[in-house]
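Asks: query.cif is reproduced in full below (mmCIF, C-alpha atoms).
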data_data
loop_
_atom_site.label_atom_id
_atom_site.label_comp_id
_atom_site.auth_asym_id
_atom_site.auth_seq_id
_atom_site.Cartn_x
_atom_site.Cartn_y
_atom_site.Cartn_z
CA MET S 28 0.97 -1.03 -23.60
CA ALA S 29 -1.16 -0.73 -20.47
CA GLY S 30 -2.94 -3.93 -21.48
CA LEU S 31 0.40 -5.65 -21.91
CA ALA S 32 1.43 -4.56 -18.42
CA ALA S 33 -1.76 -5.91 -16.85
CA THR S 34 -1.42 -9.24 -18.67
CA ALA S 35 2.29 -9.65 -18.04
CA ALA S 36 2.01 -8.70 -14.38
CA VAL S 37 0.34 -12.00 -13.54
CA GLY S 38 3.54 -13.75 -14.54
CA LEU S 39 5.69 -11.17 -12.78
CA LEU S 40 3.84 -11.62 -9.52
CA ALA S 41 4.22 -15.39 -9.81
CA ILE S 42 7.96 -14.98 -10.46
CA ALA S 43 8.22 -12.71 -7.44
CA ALA S 44 6.41 -15.21 -5.24
CA PHE S 45 8.77 -18.00 -6.34
CA HIS S 46 11.77 -15.76 -5.69
CA MET S 47 10.63 -14.99 -2.15
CA ILE S 48 10.44 -18.69 -1.39
CA SER S 49 13.68 -19.80 -3.07
CA GLY S 50 16.03 -16.82 -2.85
CA GLY S 51 18.58 -15.97 -0.21
CA LYS S 52 19.94 -12.59 0.76
CA LYS S 53 22.52 -12.54 -2.03
CA SER S 54 20.00 -13.51 -4.72
CA ASP S 55 17.53 -10.94 -3.35
CA THR S 56 20.05 -8.20 -4.06
CA THR S 57 20.80 -9.55 -7.53
CA ALA S 58 17.10 -9.78 -8.37
CA ALA S 59 16.52 -6.27 -7.10
CA GLN S 60 19.24 -4.98 -9.42
CA ASN S 61 18.04 -7.00 -12.40
CA ALA S 62 14.49 -5.73 -11.85
CA GLN S 63 15.51 -2.25 -12.81
CA VAL S 64 16.31 -3.22 -16.43
CA ASN S 65 13.20 -5.33 -16.94
CA PRO S 66 10.95 -3.41 -19.37
CA LEU S 67 7.81 -4.97 -17.92
CA TYR S 68 8.70 -3.64 -14.48
CA ALA S 69 9.24 -0.23 -16.07
CA GLU S 70 5.73 -0.45 -17.51
CA LEU S 71 4.26 -1.40 -14.13
CA ALA S 72 6.06 1.57 -12.57
CA LYS S 73 3.68 3.78 -14.54
CA LEU S 74 0.91 2.78 -12.13
CA ALA S 75 2.40 5.26 -9.66
CA ARG S 76 0.01 8.22 -9.62
CA ARG S 77 2.39 10.84 -8.22
CA ASP S 78 -0.64 13.02 -7.52
CA ALA S 79 0.10 15.87 -5.13
CA GLN S 80 -3.58 15.86 -4.12
CA ASP S 81 -3.66 12.14 -3.26
CA PRO S 82 -4.50 11.97 0.47
CA LEU S 83 -3.66 8.24 0.59
CA ALA S 84 -0.02 8.87 -0.34
CA LEU S 85 2.98 9.85 1.73
CA GLY S 86 6.15 11.48 0.47
CA ARG S 87 7.33 13.76 -2.31
CA THR S 88 5.69 13.43 -5.71
CA ASP S 89 9.12 13.63 -7.32
CA ALA S 90 10.71 10.94 -5.15
CA PRO S 91 12.89 8.64 -7.26
CA VAL S 92 11.21 5.54 -5.83
CA VAL S 93 7.49 4.84 -5.41
CA LEU S 94 6.17 1.95 -3.35
CA ILE S 95 2.56 1.05 -4.15
CA GLU S 96 0.92 -0.96 -1.39
CA TYR S 97 -2.21 -3.03 -2.05
CA SER S 98 -3.52 -3.80 1.42
CA ASP S 99 -6.44 -4.96 3.57
CA PHE S 100 -6.87 -3.67 7.12
CA GLN S 101 -7.89 -7.15 8.33
CA CYS S 102 -4.75 -8.78 6.94
CA SER S 103 -2.31 -9.85 9.65
CA PHE S 104 0.69 -9.62 7.32
CA CYS S 105 -0.39 -6.11 6.34
CA ARG S 106 -0.44 -5.18 10.02
CA THR S 107 3.04 -6.63 10.47
CA PHE S 108 4.29 -4.47 7.63
CA GLY S 109 2.39 -1.40 8.83
CA ARG S 110 3.42 -1.69 12.46
CA THR S 111 7.07 -2.71 12.13
CA ILE S 112 8.51 -2.25 8.63
CA GLU S 113 6.70 0.75 7.18
CA PRO S 114 7.67 3.14 10.01
CA GLN S 115 11.33 2.31 9.40
CA LEU S 116 10.96 2.90 5.66
CA ILE S 117 9.28 6.23 6.37
CA SER S 118 12.10 7.31 8.66
CA LYS S 119 14.90 6.08 6.41
CA TYR S 120 13.52 6.95 2.98
CA VAL S 121 10.25 8.90 2.91
CA GLU S 122 11.42 11.66 5.24
CA LYS S 123 14.61 12.04 3.18
CA GLY S 124 12.72 12.45 -0.10
CA VAL S 125 13.83 9.12 -1.55
CA LEU S 126 10.58 7.15 -1.29
CA ARG S 127 6.91 7.85 -1.85
CA ILE S 128 4.30 5.40 -0.53
CA GLU S 129 0.96 5.15 -2.30
CA TRP S 130 -1.78 3.16 -0.56
CA ARG S 131 -4.36 1.19 -2.52
CA ASN S 132 -7.36 -0.27 -0.71
CA PHE S 133 -7.60 -3.98 -1.53
CA PRO S 134 -10.33 -5.43 0.73
CA ILE S 135 -10.42 -9.18 0.12
CA PHE S 136 -11.75 -10.58 3.40
CA GLY S 137 -15.40 -9.56 3.22
CA GLN S 138 -17.68 -6.84 4.50
CA GLU S 139 -15.57 -5.74 7.45
CA SER S 140 -12.61 -5.24 5.14
CA GLU S 141 -14.85 -3.21 2.86
CA ASN S 142 -16.06 -1.17 5.84
CA ALA S 143 -12.49 -0.42 6.89
CA ALA S 144 -11.42 0.51 3.37
CA ARG S 145 -14.31 2.95 2.97
CA ALA S 146 -13.59 4.39 6.41
CA ALA S 147 -9.95 4.92 5.46
CA TRP S 148 -11.03 6.74 2.32
CA ALA S 149 -13.43 8.87 4.39
CA ALA S 150 -10.65 9.78 6.83
CA ALA S 151 -8.50 10.74 3.86
CA GLN S 152 -11.08 13.29 2.76
CA GLN S 153 -10.21 15.22 5.92
CA GLY S 154 -6.48 14.74 5.58
CA ARG S 155 -6.23 12.09 8.29
CA PHE S 156 -5.67 8.91 6.32
CA TRP S 157 -2.30 7.99 7.80
CA GLU S 158 -3.41 8.80 11.35
CA PHE S 159 -6.47 6.60 10.83
CA HIS S 160 -4.33 3.93 9.16
CA ASN S 161 -2.02 3.80 12.20
CA THR S 162 -4.88 3.81 14.70
CA LEU S 163 -6.78 1.06 12.93
CA GLN S 164 -3.73 -1.13 12.41
CA ALA S 165 -2.85 -0.75 16.07
CA LYS S 166 -6.34 -1.63 17.30
CA ALA S 167 -7.86 -3.95 14.71
CA PRO S 168 -8.68 -7.43 16.02
CA GLU S 169 -6.00 -10.01 15.35
CA LYS S 170 -8.64 -12.32 13.87
CA LYS S 171 -10.71 -11.51 10.81
CA ASN S 172 -14.44 -10.84 10.72
CA THR S 173 -15.06 -10.73 14.44
CA GLY S 174 -17.89 -8.22 14.03
CA ALA S 175 -15.76 -5.39 15.45
CA LEU S 176 -15.23 -3.31 12.32
CA THR S 177 -18.68 -1.77 12.14
CA PRO S 178 -19.29 1.74 10.80
CA ASP S 179 -19.94 2.94 14.37
CA HIS S 180 -16.69 1.52 15.73
CA LEU S 181 -14.74 2.83 12.76
CA ALA S 182 -16.20 6.28 13.45
CA GLU S 183 -14.90 6.01 17.02
CA LEU S 184 -11.44 5.13 15.71
CA ALA S 185 -11.65 8.04 13.28
CA GLN S 186 -12.34 10.41 16.13
CA GLU S 187 -9.38 8.96 18.03
CA ALA S 188 -7.25 9.50 14.91
CA GLY S 189 -8.14 13.18 14.87
CA VAL S 190 -10.79 13.27 12.16
CA ALA S 191 -12.49 16.55 12.98
CA ASN S 192 -15.94 16.25 11.42
CA ILE S 193 -17.37 12.85 12.30
CA ALA S 194 -20.74 13.58 10.69
CA LYS S 195 -18.95 14.22 7.40
CA PHE S 196 -16.81 11.14 7.97
CA ARG S 197 -19.91 8.99 8.37
CA ALA S 198 -21.50 10.47 5.26
CA ASP S 199 -18.32 10.01 3.23
CA GLN S 200 -17.91 6.46 4.49
CA GLU S 201 -21.33 5.47 3.13
CA SER S 202 -21.09 7.52 -0.07
CA PRO S 203 -21.02 6.17 -3.63
CA ALA S 204 -17.71 8.00 -4.04
CA ALA S 205 -16.12 5.84 -1.33
CA ALA S 206 -17.45 2.67 -2.92
CA THR S 207 -16.15 3.74 -6.33
CA ALA S 208 -12.69 4.67 -5.03
CA VAL S 209 -12.29 1.37 -3.19
CA ARG S 210 -13.57 -0.58 -6.19
CA GLN S 211 -11.10 1.16 -8.51
CA ASP S 212 -8.14 0.39 -6.23
CA ALA S 213 -9.16 -3.24 -5.86
CA GLY S 214 -9.78 -3.53 -9.58
CA GLU S 215 -6.27 -2.32 -10.26
CA ALA S 216 -4.87 -4.97 -7.94
CA TYR S 217 -6.94 -7.75 -9.49
CA SER S 218 -5.94 -6.63 -13.00
CA LEU S 219 -2.32 -7.25 -12.00
CA GLY S 220 -3.09 -10.77 -10.90
CA ALA S 221 -2.81 -9.97 -7.19
CA SER S 222 -4.75 -12.43 -5.05
CA SER S 223 -3.32 -11.84 -1.58
CA THR S 224 -2.30 -9.00 0.69
CA PRO S 225 -0.06 -7.21 1.07
CA THR S 226 1.20 -6.92 -2.49
CA PHE S 227 3.74 -4.23 -3.36
CA LEU S 228 5.22 -2.64 -6.45
CA ILE S 229 8.49 -0.75 -5.96
CA ASN S 230 9.14 1.17 -9.16
CA GLY S 231 7.24 -1.68 -10.78
CA ARG S 232 9.10 -4.54 -9.13
CA PRO S 233 6.60 -6.87 -7.39
CA ILE S 234 7.07 -7.99 -3.79
CA LEU S 235 4.54 -10.28 -2.15
CA GLY S 236 3.90 -10.35 1.57
CA ALA S 237 5.50 -8.73 4.59
CA GLN S 238 9.03 -9.72 3.69
CA PRO S 239 12.01 -8.84 5.91
CA ILE S 240 12.94 -5.18 5.85
CA GLU S 241 16.27 -6.07 4.23
CA GLN S 242 14.39 -7.14 1.10
CA PHE S 243 12.51 -3.84 0.88
CA GLU S 244 15.74 -1.93 1.45
CA ALA S 245 17.57 -3.88 -1.26
CA VAL S 246 14.87 -3.20 -3.84
CA ILE S 247 14.51 0.47 -2.83
CA GLU S 248 18.27 1.03 -3.02
CA ALA S 249 18.48 -0.64 -6.43
CA ALA S 250 15.53 1.39 -7.70
CA ARG S 251 17.05 4.56 -6.29
CA ALA S 252 20.33 3.90 -8.08
CA ALA S 253 18.63 3.13 -11.38
CA ALA S 254 15.98 5.85 -11.43
CA PRO S 255 16.58 9.10 -13.30
CA GLU S 256 15.67 12.28 -11.46
CA HIS S 257 11.89 12.48 -11.76
CA ALA S 258 10.66 15.60 -13.47
CA GLU S 259 7.17 16.95 -12.81
#
Can you give me the file's structure in the form of structure tokens?
Replies:
Amino acid sequence: MAGLAATAAVGLLAIAAFHMISGGKKSDTTAAQNAQVNPLYAELAKLARRDAQDPLALGRTDAPVVLIEYSDFQCSFCRTFGRTIEPQLISKYVEKGVLRIEWRNFPIFGQESENAARAAWAAAQQGRFWEFHNTLQAKAPEKKNTGALTPDHLAELAQEAGVANIAKFRADQESPAAATAVRQDAGEAYSLGASSTPTFLINGRPILGAQPIEQFEAVIEAARAAAPEHAE
């Protein structure tokens, strides 16, 4: 069944991309509701890890809705989502126990993206992923591959984000464990047919790009209404 999900997801992501281009507000809501009865979306929802020890996740493990975010720190659309939309979703849904956000590193723009992804993982090992995430998204260059996202500069941003042990951060950043974790996240995204960032799954329903917040809210509300109470 997992193989079926990975194969079918390519088509689902393509359908989602077409819907974003062609659909209006009314059809967005209808699609969000229909998504909840699609068995392939239900299979994709199983990608949610719901791991209480996951330092790259935010929100209750038993939240009825899980948003998985495949993202690259050099992606301008990812920054738009992270700076403007995500904080509103956190306030409206995460803090109320409705939504859990699970980050997946998906570095697609070269070495600087890889550097940033490994640095984010290293910050997470000291419980400062989201602080580092916010700092980096606020201060990353608007253009890609400018030469700014070096290990040294990322260590400076980590210190600004409150990472306590910078020597450990540097060691973790360059560790095989960081490379493996980033590779696994990216591999998951590629297996779904994702080729751009950001890509989202909300209880298995694909959304491509930094869409208007109303679209995220419509899908979250539909998923919330359809989801049974999650049992640990």
Asks: What gap, in Å, lies between atom CA of Val190 of chain S and atom CA of Ser118 of chain S?
Replies: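 Separation between atom CA of Val190 of chain S and atom CA of Ser118 of chain S: 23.9 Å.
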Asks: As an exercise, work out the distance from atom CA of Asp199 of chain S to atom CA of Leu228 of chain S in Å and give it to one decimal place.
Replies: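 Computing the Euclidean distance for atom CA of Asp199 of chain S and atom CA of Leu228 of chain S yields 28.4 Å.
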Asks: Would you mind reading off the distance between atom CA of Glu158 of chain S and atom CA of Ala72 of chain S, one decimal, in Å?
Replies: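 Interatomic distance here is 26.7 Å.
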Asks: For Arg197 of chain S, which residue among S:Thr177, S:Thr224, S:Thr88, S:Ser98 is the nearest when counting only C-alpha atoms?
Replies: S:Thr177
Asks: Taking all atoms listed in the file into account, name the residue in S:Ala147, S:Ala206, S:Leu184, S:Val93 that is nearest to Tyr120 of chain S.
Replies: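 With all atoms listed in the file as the atom set, the closest residue is S:Val93.
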Asks: Taking the file as shown, what set of residues would the PyMOL selection byres ((chain S and resi 127-137) around 9) give back, as a PDB file with C-alpha atoms, keeping the file's coordinate frame?
Replies:
ATOM      1  CA  ALA S  75       2.400   5.260  -9.660  1.00  0.00           C
ATOM      2  CA  ARG S  76       0.010   8.220  -9.620  1.00  0.00           C
ATOM      3  CA  ARG S  77       2.390  10.840  -8.220  1.00  0.00           C
ATOM      4  CA  ASP S  81      -3.660  12.140  -3.260  1.00  0.00           C
ATOM      5  CA  LEU S  83      -3.660   8.240   0.590  1.00  0.00           C
ATOM      6  CA  ALA S  84      -0.020   8.870  -0.340  1.00  0.00           C
ATOM      7  CA  LEU S  85       2.980   9.850   1.730  1.00  0.00           C
ATOM      8  CA  GLY S  86       6.150  11.480   0.470  1.00  0.00           C
ATOM      9  CA  ARG S  87       7.330  13.760  -2.310  1.00  0.00           C
ATOM     10  CA  THR S  88       5.690  13.430  -5.710  1.00  0.00           C
ATOM     11  CA  ASP S  89       9.120  13.630  -7.320  1.00  0.00           C
ATOM     12  CA  ALA S  90      10.710  10.940  -5.150  1.00  0.00           C
ATOM     13  CA  PRO S  91      12.890   8.640  -7.260  1.00  0.00           C
ATOM     14  CA  VAL S  92      11.210   5.540  -5.830  1.00  0.00           C
ATOM     15  CA  VAL S  93       7.490   4.840  -5.410  1.00  0.00           C
ATOM     16  CA  LEU S  94       6.170   1.950  -3.350  1.00  0.00           C
ATOM     17  CA  ILE S  95       2.560   1.050  -4.150  1.00  0.00           C
ATOM     18  CA  GLU S  96       0.920  -0.960  -1.390  1.00  0.00           C
ATOM     19  CA  TYR S  97      -2.210  -3.030  -2.050  1.00  0.00           C
ATOM     20  CA  SER S  98      -3.520  -3.800   1.420  1.00  0.00           C
ATOM     21  CA  ASP S  99      -6.440  -4.960   3.570  1.00  0.00           C
ATOM     22  CA  PHE S 100      -6.870  -3.670   7.120  1.00  0.00           C
ATOM     23  CA  GLN S 101      -7.890  -7.150   8.330  1.00  0.00           C
ATOM     24  CA  CYS S 102      -4.750  -8.780   6.940  1.00  0.00           C
ATOM     25  CA  ILE S 117       9.280   6.230   6.370  1.00  0.00           C
ATOM     26  CA  TYR S 120      13.520   6.950   2.980  1.00  0.00           C
ATOM     27  CA  VAL S 121      10.250   8.900   2.910  1.00  0.00           C
ATOM     28  CA  GLY S 124      12.720  12.450  -0.100  1.00  0.00           C
ATOM     29  CA  VAL S 125      13.830   9.120  -1.550  1.00  0.00           C
ATOM     30  CA  LEU S 126      10.580   7.150  -1.290  1.00  0.00           C
ATOM     31  CA  GLN S 138     -17.680  -6.840   4.500  1.00  0.00           C
ATOM     32  CA  GLU S 139     -15.570  -5.740   7.450  1.00  0.00           C
ATOM     33  CA  SER S 140     -12.610  -5.240   5.140  1.00  0.00           C
ATOM     34  CA  GLU S 141     -14.850  -3.210   2.860  1.00  0.00           C
ATOM     35  CA  ASN S 142     -16.060  -1.170   5.840  1.00  0.00           C
ATOM     36  CA  ALA S 143     -12.490  -0.420   6.890  1.00  0.00           C
ATOM     37  CA  ALA S 144     -11.420   0.510   3.370  1.00  0.00           C
ATOM     38  CA  ARG S 145     -14.310   2.950   2.970  1.00  0.00           C
ATOM     39  CA  ALA S 147      -9.950   4.920   5.460  1.00  0.00           C
ATOM     40  CA  TRP S 148     -11.030   6.740   2.320  1.00  0.00           C
ATOM     41  CA  LYS S 171     -10.710 -11.510  10.810  1.00  0.00           C
ATOM     42  CA  ASN S 172     -14.440 -10.840  10.720  1.00  0.00           C
ATOM     43  CA  ALA S 208     -12.690   4.670  -5.030  1.00  0.00           C
ATOM     44  CA  VAL S 209     -12.290   1.370  -3.190  1.00  0.00           C
ATOM     45  CA  ARG S 210     -13.570  -0.580  -6.190  1.00  0.00           C
ATOM     46  CA  GLN S 211     -11.100   1.160  -8.510  1.00  0.00           C
ATOM     47  CA  ASP S 212      -8.140   0.390  -6.230  1.00  0.00           C
ATOM     48  CA  ALA S 213      -9.160  -3.240  -5.860  1.00  0.00           C
ATOM     49  CA  GLY S 214      -9.780  -3.530  -9.580  1.00  0.00           C
ATOM     50  CA  GLU S 215      -6.270  -2.320 -10.260  1.00  0.00           C
ATOM     51  CA  ALA S 216      -4.870  -4.970  -7.940  1.00  0.00           C
ATOM     52  CA  TYR S 217      -6.940  -7.750  -9.490  1.00  0.00           C
ATOM     53  CA  SER S 222      -4.750 -12.430  -5.050  1.00  0.00           C
ATOM     54  CA  SER S 223      -3.320 -11.840  -1.580  1.00  0.00           C
ATOM     55  CA  THR S 224      -2.300  -9.000   0.690  1.00  0.00           C
ATOM     56  CA  PRO S 225      -0.060  -7.210   1.070  1.00  0.00           C
TER      57      PRO S 225
END
Asks: Work out where the centre of an axis-aligned box around every listed atom of segment 148-163 of chain S lies and how long its edges are once 4 Å is added on each side; give both in Å to one decimal as AutoDock Vina command-line options.
Replies:
--center_x -7.7 --center_y 8.1 --center_z 8.5 --size_x 19.4 --size_y 22.2 --size_z 20.4
Asks: Where does the PyMOL selection byres ((chain S and resi 152) around 12) land in this file, that is, which residues does it pick, as an mmCIF file with C-alpha atoms, in the frame of the given file?
Replies:
data_model
loop_
_atom_site.group_PDB
_atom_site.id
_atom_site.type_symbol
_atom_site.label_atom_id
_atom_site.label_comp_id
_atom_site.auth_asym_id
_atom_site.auth_seq_id
_atom_site.Cartn_x
_atom_site.Cartn_y
_atom_site.Cartn_z
ATOM 1 C CA GLN S 80 -3.580 15.860 -4.120
ATOM 2 C CA ASP S 81 -3.660 12.140 -3.260
ATOM 3 C CA PRO S 82 -4.500 11.970 0.470
ATOM 4 C CA LEU S 83 -3.660 8.240 0.590
ATOM 5 C CA ARG S 145 -14.310 2.950 2.970
ATOM 6 C CA ALA S 146 -13.590 4.390 6.410
ATOM 7 C CA ALA S 147 -9.950 4.920 5.460
ATOM 8 C CA TRP S 148 -11.030 6.740 2.320
ATOM 9 C CA ALA S 149 -13.430 8.870 4.390
ATOM 10 C CA ALA S 150 -10.650 9.780 6.830
ATOM 11 C CA ALA S 151 -8.500 10.740 3.860
ATOM 12 C CA GLN S 153 -10.210 15.220 5.920
ATOM 13 C CA GLY S 154 -6.480 14.740 5.580
ATOM 14 C CA ARG S 155 -6.230 12.090 8.290
ATOM 15 C CA PHE S 156 -5.670 8.910 6.320
ATOM 16 C CA TRP S 157 -2.300 7.990 7.800
ATOM 17 C CA PHE S 159 -6.470 6.600 10.830
ATOM 18 C CA ALA S 185 -11.650 8.040 13.280
ATOM 19 C CA VAL S 190 -10.790 13.270 12.160
ATOM 20 C CA ALA S 191 -12.490 16.550 12.980
ATOM 21 C CA ASN S 192 -15.940 16.250 11.420
ATOM 22 C CA ILE S 193 -17.370 12.850 12.300
ATOM 23 C CA LYS S 195 -18.950 14.220 7.400
ATOM 24 C CA PHE S 196 -16.810 11.140 7.970
ATOM 25 C CA ARG S 197 -19.910 8.990 8.370
ATOM 26 C CA ALA S 198 -21.500 10.470 5.260
ATOM 27 C CA ASP S 199 -18.320 10.010 3.230
ATOM 28 C CA GLN S 200 -17.910 6.460 4.490
ATOM 29 C CA SER S 202 -21.090 7.520 -0.070
ATOM 30 C CA ALA S 204 -17.710 8.000 -4.040
ATOM 31 C CA ALA S 205 -16.120 5.840 -1.330
ATOM 32 C CA ALA S 208 -12.690 4.670 -5.030
#
Asks: Any chance you could work out the residue set of the PyMOL selection byres ((chain S and resi 104-110) around 6) here, as a PDB file with C-alpha atoms, keeping the file's coordinate frame?
Replies:
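Final output, saved to result_27.pdb:
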ATOM      1  CA  CYS S 102      -4.750  -8.780   6.940  1.00  0.00           C
ATOM      2  CA  SER S 103      -2.310  -9.850   9.650  1.00  0.00           C
ATOM      3  CA  THR S 111       7.070  -2.710  12.130  1.00  0.00           C
ATOM      4  CA  ILE S 112       8.510  -2.250   8.630  1.00  0.00           C
ATOM      5  CA  GLU S 113       6.700   0.750   7.180  1.00  0.00           C
ATOM      6  CA  GLN S 164      -3.730  -1.130  12.410  1.00  0.00           C
ATOM      7  CA  PRO S 225      -0.060  -7.210   1.070  1.00  0.00           C
ATOM      8  CA  ALA S 237       5.500  -8.730   4.590  1.00  0.00           C
TER       9      ALA S 237
END
Asks: Pick the closest to Leu74 of chain S from S:Ala165, S:Ala175, S:Leu181, S:Ile229: which is it, counting only C-alpha atoms?
Replies: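 Going through S:Ala165, S:Ala175, S:Leu181, S:Ile229 one by one, the smallest distance to Leu74 of chain S is for S:Ile229.
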